[in-house]
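**Q** Sharing model-v4.txt here; it has compact mmCIF, C-alpha atoms.
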```txt
# COMPACT_ATOMS: atom_id res chain seq x y z
CA GLY G 1 151.15 132.93 87.26
CA VAL G 2 151.19 134.50 90.69
CA ALA G 3 154.27 133.62 92.76
CA VAL G 4 152.93 132.82 96.23
CA GLU G 5 155.46 131.57 98.78
CA HIS G 6 154.95 128.45 100.88
CA GLY G 7 155.12 130.56 104.06
CA SER G 8 152.29 132.77 102.80
CA ILE G 9 150.06 129.77 102.20
CA CYS G 10 150.89 128.29 105.62
CA ASN G 11 150.13 131.65 107.23
CA PHE G 12 146.79 131.96 105.44
CA VAL G 13 145.71 128.43 106.38
CA ARG G 14 146.66 129.02 110.03
CA VAL G 15 144.87 132.36 110.42
CA ALA G 16 141.79 131.26 108.45
CA ALA G 17 141.50 128.14 110.61
CA GLU G 18 141.58 130.37 113.71
CA VAL G 19 138.99 132.87 112.44
CA TYR G 20 136.50 130.80 110.43
CA GLY G 21 135.27 128.42 113.09
CA ILE G 22 135.40 125.18 111.13
CA ARG G 23 135.33 122.27 113.60
CA ALA G 24 136.87 118.82 113.70
CA GLY G 25 133.41 117.24 113.36
CA ASP G 26 132.53 119.19 110.20
CA ARG G 27 132.12 117.56 106.80
CA MET G 28 133.33 120.07 104.18
CA TYR G 29 132.12 119.77 100.59
CA GLN G 30 135.11 119.95 98.24
CA GLY G 31 133.79 120.85 94.81
CA MET G 32 136.30 123.29 93.34
CA THR G 33 139.15 122.43 91.02
CA ILE G 34 142.53 122.59 92.73
CA ALA G 35 143.59 124.98 89.94
CA PHE G 36 141.42 127.65 91.64
CA ASP G 37 143.17 129.29 94.60
CA PHE G 38 139.82 129.28 96.43
CA SER G 39 140.21 125.49 96.74
CA VAL G 40 142.90 126.08 99.40
CA GLU G 41 140.08 127.47 101.54
CA GLU G 42 137.93 124.36 101.17
CA ILE G 43 140.76 121.80 101.46
CA TRP G 44 143.60 122.93 103.71
CA VAL G 45 141.69 125.10 106.19
CA PRO G 46 139.25 122.26 107.09
CA TRP G 47 142.10 119.75 107.31
CA THR G 48 143.92 122.07 109.71
CA ALA G 49 140.79 122.04 111.89
CA GLY G 50 140.59 118.23 111.64
CA ALA G 51 137.42 118.28 109.51
CA THR G 52 136.51 115.67 106.90
CA LEU G 53 136.52 116.50 103.18
CA VAL G 54 133.63 115.28 101.06
CA PRO G 55 134.87 115.47 97.45
CA LYS G 56 132.55 116.08 94.55
CA PRO G 57 131.89 112.83 92.67
CA PRO G 58 133.65 112.40 89.31
CA GLY G 59 132.03 114.03 86.31
CA SER G 60 130.60 117.42 85.62
CA ALA G 61 129.94 120.08 88.23
CA LEU G 62 127.01 119.57 90.57
CA LEU G 63 124.36 122.29 90.58
CA GLY G 64 120.86 122.84 91.86
CA VAL G 65 118.85 119.75 92.81
CA ASP G 66 121.74 117.35 92.08
CA LEU G 67 124.04 119.31 94.38
CA HIS G 68 121.36 119.54 97.07
CA VAL G 69 120.77 115.77 97.03
CA TYR G 70 124.50 115.09 97.22
CA LEU G 71 125.07 117.51 100.13
CA VAL G 72 122.15 116.05 102.09
CA THR G 73 123.07 112.39 101.51
CA GLN G 74 126.72 113.06 102.38
CA LEU G 75 125.75 114.87 105.60
CA VAL G 76 127.75 117.97 104.62
CA THR G 77 127.94 120.53 107.43
CA ALA G 78 130.36 123.04 105.86
CA MET G 79 130.69 124.57 102.43
CA CYS G 80 132.78 127.20 100.64
CA CYS G 81 131.45 128.38 97.29
CA VAL G 82 130.84 131.28 94.94
CA PRO G 83 127.46 132.98 95.38
CA THR G 84 126.41 131.89 91.88
CA LEU G 85 126.66 128.22 92.91
CA LEU G 86 124.80 128.85 96.17
CA ALA G 87 122.01 130.55 94.21
CA THR G 88 121.35 127.30 92.31
CA LEU G 89 120.22 125.61 95.53
CA GLU G 90 116.50 126.17 96.03
CA GLU G 91 116.06 124.29 99.31
CA ASP G 92 117.83 124.88 102.60
CA LEU G 93 120.42 122.45 103.95
CA PRO G 94 119.41 121.96 107.59
CA GLU G 95 122.71 120.25 108.53
CA LEU G 96 124.78 123.13 107.09
CA ARG G 97 126.52 124.79 110.04
CA PHE G 98 129.24 126.73 108.19
CA LEU G 99 128.89 128.60 104.90
CA LEU G 100 131.54 130.77 103.26
CA VAL G 101 131.08 132.70 100.02
CA SER G 102 133.80 134.35 97.96
CA GLY G 103 135.03 134.83 94.42
CA GLU G 104 132.34 137.34 93.44
CA ALA G 105 130.04 139.87 95.08
CA CYS G 106 127.41 138.26 97.29
CA PRO G 107 123.91 139.66 96.70
CA HIS G 108 122.03 140.70 99.83
CA ASP G 109 119.03 138.54 98.90
CA LEU G 110 121.26 135.45 99.04
CA ILE G 111 122.29 136.37 102.57
CA VAL G 112 118.65 136.79 103.55
CA ARG G 113 117.83 133.41 102.01
CA TRP G 114 120.71 131.43 103.60
CA HIS G 115 121.20 133.11 106.98
CA ARG G 116 120.01 130.95 109.89
CA PRO G 117 120.48 131.06 113.67
CA GLY G 118 123.41 128.81 114.53
CA ARG G 119 124.85 128.87 111.00
CA ARG G 120 128.19 130.67 110.66
CA PHE G 121 127.90 132.50 107.33
CA LEU G 122 130.99 134.38 106.12
CA ASN G 123 131.68 136.62 103.15
CA VAL G 124 135.40 136.77 102.37
CA TYR G 125 137.45 138.69 99.83
CA GLY G 126 140.92 138.48 98.44
CA PRO G 127 142.78 138.45 95.18
CA THR G 128 145.13 135.58 94.38
CA GLU G 129 147.99 138.05 94.92
CA ALA G 130 147.10 138.10 98.63
CA THR G 131 147.09 134.28 99.00
CA VAL G 132 143.43 133.43 98.58
CA THR G 133 141.66 135.67 101.13
CA ALA G 134 142.59 138.90 102.89
CA THR G 135 139.33 140.09 104.50
CA TRP G 136 136.34 138.48 106.17
CA THR G 137 133.01 139.29 107.79
CA ALA G 138 130.12 137.37 109.29
CA VAL G 139 127.09 138.37 107.22
CA ASP G 140 123.74 139.44 108.61
CA PRO G 141 120.50 140.04 106.71
CA ASP G 142 119.99 143.30 108.64
CA ARG G 143 123.32 144.81 107.49
CA ALA G 144 124.75 145.88 104.16
CA VAL G 145 127.12 143.39 102.51
CA THR G 146 130.78 144.36 102.95
CA ILE G 147 134.13 142.65 102.51
CA GLY G 148 134.76 143.07 106.23
CA VAL G 149 138.02 143.42 108.09
CA PRO G 150 141.51 142.07 107.46
CA LEU G 151 142.40 138.56 108.57
CA PRO G 152 145.08 138.52 111.27
CA THR G 153 148.55 139.23 109.76
CA TYR G 154 146.96 141.22 106.91
CA SER G 155 146.56 145.00 106.70
CA ILE G 156 144.18 146.95 104.49
CA VAL G 157 144.47 150.58 103.47
CA ILE G 158 142.42 152.63 101.02
CA LEU G 159 144.69 154.39 98.57
CA ASP G 160 144.16 157.58 96.59
CA PRO G 161 143.64 156.51 92.94
CA GLU G 162 145.40 159.71 91.81
CA ASP G 163 148.38 159.14 94.15
CA PRO G 164 148.67 155.46 95.16
CA THR G 165 151.38 156.35 97.70
CA ARG G 166 148.82 158.28 99.78
CA ALA G 167 146.41 156.54 102.16
CA LEU G 168 142.96 158.06 102.40
CA PRO G 169 141.13 158.80 105.66
CA HIS G 170 138.45 156.40 106.94
CA GLY G 171 135.27 156.59 104.87
CA GLU G 172 136.89 157.83 101.66
CA ILE G 173 136.58 155.98 98.34
CA GLY G 174 139.73 154.72 96.66
CA GLU G 175 141.61 151.58 95.76
CA ILE G 176 142.20 148.73 98.19
CA GLY G 177 145.82 148.20 99.21
CA ILE G 178 146.75 144.97 100.96
CA ALA G 179 149.88 144.34 103.01
CA GLY G 180 151.22 141.49 105.09
CA ILE G 181 152.91 138.11 104.91
CA GLY G 182 150.23 136.88 102.50
CA LEU G 183 151.37 139.09 99.63
CA ALA G 184 152.74 137.27 96.61
CA LEU G 185 156.29 137.90 95.43
CA GLY G 186 154.95 139.08 92.09
CA TYR G 187 154.16 137.48 88.77
CA ILE G 188 156.21 134.70 87.18
CA ASN G 189 158.24 136.04 84.25
CA ARG G 190 156.74 139.53 84.77
CA ASN G 191 159.24 141.62 86.73
CA ASP G 192 157.42 144.76 85.62
```
Since I need it in another form, could you write the structure as structure tokens?
**A**
Amino acid sequence: GVAVEHGSICNFVRVAAEVYGIRAGDRMYQGMTIAFDFSVEEIWVPWTAGATLVPKPPGSALLGVDLHVYLVTQLVTAMCCVPTLLATLEEDLPELRFLLVSGEACPHDLIVRWHRPGRRFLNVYGPTEATVTATWTAVDPDRAVTIGVPLPTYSIVILDPEDPTRALPHGEIGEIGIAGIGLALGYINRND
């Protein structure tokens, strides 16, 4: 298990609520298990903004047409999901004002398919060890997909894979290093 402090979670929820643009009038689909750290993004961030949660009905996961029907009938305006789930939806959701993808690489064709004027569409990235999400970007079909810039209170540096104590200059390829209040204390029962 990853040991994430209460203060780190509170910090993440606060800064994500500031950056994402979820509104009090939004209706956020809540379809992830609470065992997945990504669920913090779809539960606590909307609540901080005063939005309404629309939980998935009991039973198996909703996909494709079944998910589309549920989102339309429940008047969902905001959704956080993995790109694989989004790809199961064949028809647009005209009421969808906010869309956030994370958890895996987002293919450019999915951005082209789901980008709309007036729809805030974000791609975010972060390992559990950085309290859910560390970077964000608004996607655009005319730009390459990236993981974006650090959320406020987070710092990102690219490290030399041969010498992880050395930061590389801008534009170099290396390993992502994350710093800030969102970093976990470590791993439970794994001091190494």
**Q** Let me make sure I understand: among G:Pro57, G:Gly103, G:Gly118, G:Pro164, which one has the smallest atom-to-atom distance to Ser39 of chain G if we use only C-alpha atoms?
**A**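 That would be G:Gly103, the residue with the smallest distance to Ser39 of chain G.
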**Q** Do you know which residues are at most 8 Å from segment 11-15 of chain G counting all atoms listed in the file, after dropping those on the same chain fewer than 4 positions away, and could you put them as a PyMOL selection string?
**A** chain G and resi 7+19+40-41+44-45+48+131-133+151-153+181-182
**Q** If we count only C-alpha atoms, what is near segment 82-93 of chain G at a cut-off of 9 Å, once residues fewer than 5 positions away on the same chain are taken out, given as a PDB file with C-alpha atoms, in the coordinates of the input?
**A**
```pdb
ATOM      1  CA  LEU G  62     127.010 119.570  90.570  1.00  0.00           C
ATOM      2  CA  LEU G  63     124.360 122.290  90.580  1.00  0.00           C
ATOM      3  CA  GLY G  64     120.860 122.840  91.860  1.00  0.00           C
ATOM      4  CA  VAL G  65     118.850 119.750  92.810  1.00  0.00           C
ATOM      5  CA  LEU G  67     124.040 119.310  94.380  1.00  0.00           C
ATOM      6  CA  HIS G  68     121.360 119.540  97.070  1.00  0.00           C
ATOM      7  CA  LEU G  71     125.070 117.510 100.130  1.00  0.00           C
ATOM      8  CA  VAL G  72     122.150 116.050 102.090  1.00  0.00           C
ATOM      9  CA  VAL G  76     127.750 117.970 104.620  1.00  0.00           C
ATOM     10  CA  THR G  77     127.940 120.530 107.430  1.00  0.00           C
ATOM     11  CA  LEU G 100     131.540 130.770 103.260  1.00  0.00           C
ATOM     12  CA  VAL G 101     131.080 132.700 100.020  1.00  0.00           C
ATOM     13  CA  SER G 102     133.800 134.350  97.960  1.00  0.00           C
ATOM     14  CA  GLY G 103     135.030 134.830  94.420  1.00  0.00           C
ATOM     15  CA  GLU G 104     132.340 137.340  93.440  1.00  0.00           C
ATOM     16  CA  ALA G 105     130.040 139.870  95.080  1.00  0.00           C
ATOM     17  CA  CYS G 106     127.410 138.260  97.290  1.00  0.00           C
ATOM     18  CA  PRO G 107     123.910 139.660  96.700  1.00  0.00           C
ATOM     19  CA  LEU G 110     121.260 135.450  99.040  1.00  0.00           C
ATOM     20  CA  ARG G 113     117.830 133.410 102.010  1.00  0.00           C
ATOM     21  CA  TRP G 114     120.710 131.430 103.600  1.00  0.00           C
TER      22      TRP G 114
END
```
**Q** Go through G:Ala167, G:Val145, G:Ala17, G:Val124 one by one, measure the shortest atom-to-atom distance of each to Trp47 of chain G using all atoms listed in the file, and give the residue with the smallest value.
**A**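 So, comparing all the options, the nearest one is G:Ala17.
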**Q** Find, counting only C-alpha atoms, the residue in G:Leu96, G:Leu185, G:Ala179, G:Ala138 that gets nearest to Tyr20 of chain G.
**A**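 Result for the nearest residue to Tyr20 of chain G: G:Ala138.
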**Q** What is the distance between atom CA of Asp140 of chain G and atom CA of Arg97 of chain G, in Å to one decimal?
**A**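 Answer for the atom CA of Asp140 of chain G to atom CA of Arg97 of chain G separation: 15.0 Å.
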**Q** For Ile147 of chain G, find every residue with an atom within 9 Å (counting all atoms listed in the file), except residues of its own chain fewer than 3 positions away, and show them as a list of chain:residue names.
**A** G:Ala105, G:Asn123, G:Val124, G:Tyr125, G:Gly126, G:Thr135, G:Trp136, G:Thr137, G:Pro150
**Q** Any idea what the distance is between atom CA of Asp192 of chain G and atom CA of Pro161 of chain G?
**A**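 Interatomic distance, atom CA of Asp192 of chain G to atom CA of Pro161 of chain G: 19.5 Å.
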